[in-house]
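Structure first, then comments.
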Amino acid sequence: MKKLSQTAAIGFWLLFSLMFFGLENHLFSAEELKPSPELKALLPEVPGWVLQGEPKAYSPGTLYEYIDGASEAYLSYDFKELLVAEFQKSGTETTVSLEIYDMGAPLNAFGIFSTERYPEIPEAGIGDAGYQEEEVLNFIAGRYYVKLICYNGESQTGTYLRTFARQVESRIKEKAGLIFFVSYQRPGKKFREIYKKEFYGF
């Protein structure tokens, strides 16, 4: 009888622990989904476009849930927070997906940006550095790395992407400055080589 009571007590404790930690994780996840005021302030307001649902946020501990397999690269550049939002053009199936990565410092934003951009893609002329390829437009401005994808935009895809990019860029008050752009543009150099030499001294 005593052994049965001990077994029941252990079972109750395990059940309580699972319920408690499950609730704790749920509350933690809910808290993580609230974007910081700084990132929310960067959300564009484009006439004729509607924000679909609430923007989502990811922290260093939950980034893998959004970009599983690629999160380690961002974490290696001291990633802080990601905001994800989707917009739809009224009366159409055209959508624009927006990702704003707060990398903590311009140097970190430049670092992760340089690992994802192919040198042969032309400069987009947005932010401190950026590029546009088909339905994708990515750029860095200050400590932020901004990524945009347009779906079902047809011939207006480029126009839509640039409209959103300009809106976000205009809301970023602190830019990295000319040194990033000059280094990024220099021909015959790989981004990682420039990054190491000019910002780490080797």
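Lettering and numbering for the structure tokens are positional, with chains as A, B, ... in the shown order, residues counted from 1 in each chain, and ligands counted from 1 in the shown order.
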key: Near-Asn138 in chain A list (12 Å; only C-alpha atoms; drop same-chain fewer than 3 positions) as a ChimeraX atom specification   = /A:97-101,109-110,112-114,116-118,121-135,141,144-150,161-162,164-166,168-169
